[in-house]
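**Student:** Before anything else, here's the structure in question.
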Amino acid sequence: MTAARRERAALVESLREHGPDAPTLCEGWTARDLAAHLVVRERRLDAAPGILVPQLAGYTDRVQAQVTAATDWEKLVDMIAAGPPLYSPFKLLDPFVNVAEMFIHNEDVRRAGPAWEPRELDDRLVSALAGQVANMARMGIKNAPARIVLVTPEGRRLAAAGRGAEVTVTGAPGELLLFAAGRGPAQVTFTGPDEAVAAVRGSNRGF
């Protein structure tokens with residue numbers, strides 16, 4: 001089983017455990033909203049482009065609202081568990097494009113409450129997440145108010161983006177991925193000029 005499929009199974013488990021009305025780290029979204037987002041992304045090819053293209057986002061939002069309102073919770077979760085359908089481009093691309101998506105959204109559900117605990121990730125998942133950090137950095141921190149360098153605790157540089165004074169953000173690959181995606185509870189540390197660090201901490205990240 002690929003890292004993406006195992007992380008999908010972990011996300012499904014988290015959704016079932018927390019329930020449809022649970023909060024998430026995605027502002028304004030409950031677990032039901034997040035589940036509908038994933039279903040639209042993988043099963044509504046007419047609406048999925050609006051997730052990344054601002055000009056199409058209005059249509060995507062309307063479709064997601066319809067899916068959220070009209071689909072039973074258990075059915076939503078079952079569709080996520082089943083993975084991309086045969087007609088979806090994500091079917092073949094799943095190992096490459098979904099490991100970060102499933103990991104981030106799993107943590108969106110897990111970390112929204114006050115009592116979450118870090119997970120121990122196996123080496124395969126850590127390696128797969130490390131390979132996604134550069135892509136997320138290009139999208140999530142390209143407009144950062146400083147030059148952000150993402151580094152593991154062992155000193156491995158995974159990505160850099162932005163301009164200005166240099167701020168080093170150190171953390172495990174999964175935590176760096178969450179940081180670049182704009183998730184506040186990412187377990188990272190900052191090194192650099194105080195003013196630049198403060199600007200990075202307060203900046204909007206993600207996409």
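Chain labels A, B, ... are given in the sequence in which chains occur in the structure tokens; within each chain residues are numbered consecutively from 1, and ligands are likewise numbered from 1 in the order shown.
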If you run DSSP on the backbone, which residues of stretch 2-207 of chain A are helix (DSSP H, G or I), as a PyMOL selection string?
**Tutor:** chain A and resi 3-18+31-43+48-51+54-70+73-82+90-97+99-110+123-130+133-140+173-180+194-201
**Student:** For A:Pro193, work out the shell of residues within 12 Å, counting only C-alpha atoms and skipping chain neighbours fewer than 6 positions away, then give it as a list in words.
**Tutor:**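 Counting only the stated atoms, we get Ala146, Arg147, Ile148, Gly164, Ala165, Glu166, Val167, Thr168, Ala199 and Val200 of chain A.
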**Student:** So which residues touch stretch 170-184 of chain A within 8 Å, counting only C-alpha atoms, skipping near sequence neighbours fewer than 2 positions away, as a ChimeraX atom specification?
**Tutor:** /A:25,100,104,108,126-127,129-130,132-133,136-137,140-141,150-153,168,186-190,204-207
**Student:** Would you compute the distance between atom CA of A:Gly162 and atom CA of A:Ala144? Give it in Å to one decimal.
**Tutor:**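 Separation between atom CA of A:Gly162 and atom CA of A:Ala144: 4.9 Å.
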**Student:** Check the DSSP output for the backbone and give back, as a ChimeraX atom specification, the residues of stretch 100-170 of chain A in strand (DSSP E).
**Tutor:** /A:147-151,157-161,166-170
**Student:** Just to be explicit: take each residue in the selection above, keep C-alpha atoms, and write the result as a PDB file, in the first residue's frame.
**Tutor:**
ATOM      1  CA  ARG A 147      13.471  34.597   2.455  1.00  0.00           C
ATOM      2  CA  ILE A 148      12.221  31.426   4.133  1.00  0.00           C
ATOM      3  CA  VAL A 149      14.452  28.367   4.153  1.00  0.00           C
ATOM      4  CA  LEU A 150      12.809  25.101   5.219  1.00  0.00           C
ATOM      5  CA  VAL A 151      15.221  22.731   6.951  1.00  0.00           C
ATOM      6  CA  ARG A 157      17.353  21.833   3.198  1.00  0.00           C
ATOM      7  CA  LEU A 158      14.031  20.975   1.570  1.00  0.00           C
ATOM      8  CA  ALA A 159      12.939  24.282   0.044  1.00  0.00           C
ATOM      9  CA  ALA A 160      13.354  28.040   0.008  1.00  0.00           C
ATOM     10  CA  ALA A 161      11.017  30.804  -1.146  1.00  0.00           C
ATOM     11  CA  GLU A 166      16.601  35.081   5.659  1.00  0.00           C
ATOM     12  CA  VAL A 167      14.534  33.124   8.185  1.00  0.00           C
ATOM     13  CA  THR A 168      15.255  29.450   8.730  1.00  0.00           C
ATOM     14  CA  VAL A 169      12.239  27.346   9.649  1.00  0.00           C
ATOM     15  CA  THR A 170      13.214  24.006  11.130  1.00  0.00           C
TER      16      THR A 170
END
**Student:** As a list in words, please: the residues near stretch 68-71 of chain A (cut-off 8 Å, only C-alpha atoms, same-chain neighbours under 4 positions excluded).
**Tutor:** Arg32, Asp33, Ala36, Gln64, Lys75 and Leu76 of chain A
**Student:** Go ahead and dump the residues you just picked, N, CA, C and O atoms, as a short mmCIF file (atom, residue, chain, number, x, y, z; two decimals), in the first residue's frame.
**Tutor:**
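selection36.cif was written with the following content:
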data_model
loop_
_atom_site.label_atom_id
_atom_site.label_comp_id
_atom_site.auth_asym_id
_atom_site.auth_seq_id
_atom_site.Cartn_x
_atom_site.Cartn_y
_atom_site.Cartn_z
N ARG A 32 -17.45 18.01 7.87
CA ARG A 32 -18.33 17.75 6.72
C ARG A 32 -17.91 18.59 5.51
O ARG A 32 -17.87 18.09 4.38
N ASP A 33 -17.60 19.86 5.73
CA ASP A 33 -17.15 20.72 4.64
C ASP A 33 -15.85 20.20 4.03
O ASP A 33 -15.68 20.19 2.80
N ALA A 36 -16.55 17.17 1.91
CA ALA A 36 -17.17 17.56 0.64
C ALA A 36 -16.12 18.13 -0.31
O ALA A 36 -16.15 17.87 -1.52
N GLN A 64 -19.55 22.68 -4.05
CA GLN A 64 -19.20 22.09 -2.75
C GLN A 64 -20.33 22.27 -1.75
O GLN A 64 -20.62 21.37 -0.96
N LYS A 75 -21.91 8.54 3.54
CA LYS A 75 -21.62 8.39 2.11
C LYS A 75 -20.42 9.24 1.71
O LYS A 75 -19.58 8.80 0.92
N LEU A 76 -20.34 10.46 2.24
CA LEU A 76 -19.18 11.30 1.96
C LEU A 76 -17.89 10.60 2.36
O LEU A 76 -16.93 10.54 1.59
#
**Student:** Would you work out the distance separating atom CA of A:Gly155 from atom CA of A:Glu101, expressed in Å to one decimal?
**Tutor:** 25.1 Å
**Student:** Find the spatial neighbours of A:Glu42, counting only C-alpha atoms, within a cut-off of 7 Å - ignore same-chain residues fewer than 2 positions away - and output them as a list in words.
**Tutor:**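 Contacts, in chain order: Leu38, Val39, Val40, Arg44, Pro84, Ser88 and Phe90 of chain A.
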**Student:** Could you turn the residues from that selection into a file that holds C-alpha atoms, as a short mmCIF file (atom, residue, chain, number, x, y, z; two decimals), in the first residue's frame?
**Tutor:**
data_model
loop_
_atom_site.label_atom_id
_atom_site.label_comp_id
_atom_site.auth_asym_id
_atom_site.auth_seq_id
_atom_site.Cartn_x
_atom_site.Cartn_y
_atom_site.Cartn_z
CA LEU A 38 -12.25 16.16 -1.09
CA VAL A 39 -15.19 14.57 -2.88
CA VAL A 40 -15.48 17.55 -5.25
CA ARG A 44 -16.38 16.62 -9.89
CA PRO A 84 -10.56 8.46 -6.90
CA SER A 88 -10.59 10.87 -12.35
CA PHE A 90 -6.23 11.39 -9.58
#
**Student:** Could you tell me how far atom CA of A:Ala31 sits from atom CA of A:Gly50, in Å to one decimal place?
**Tutor:** 20.1 Å
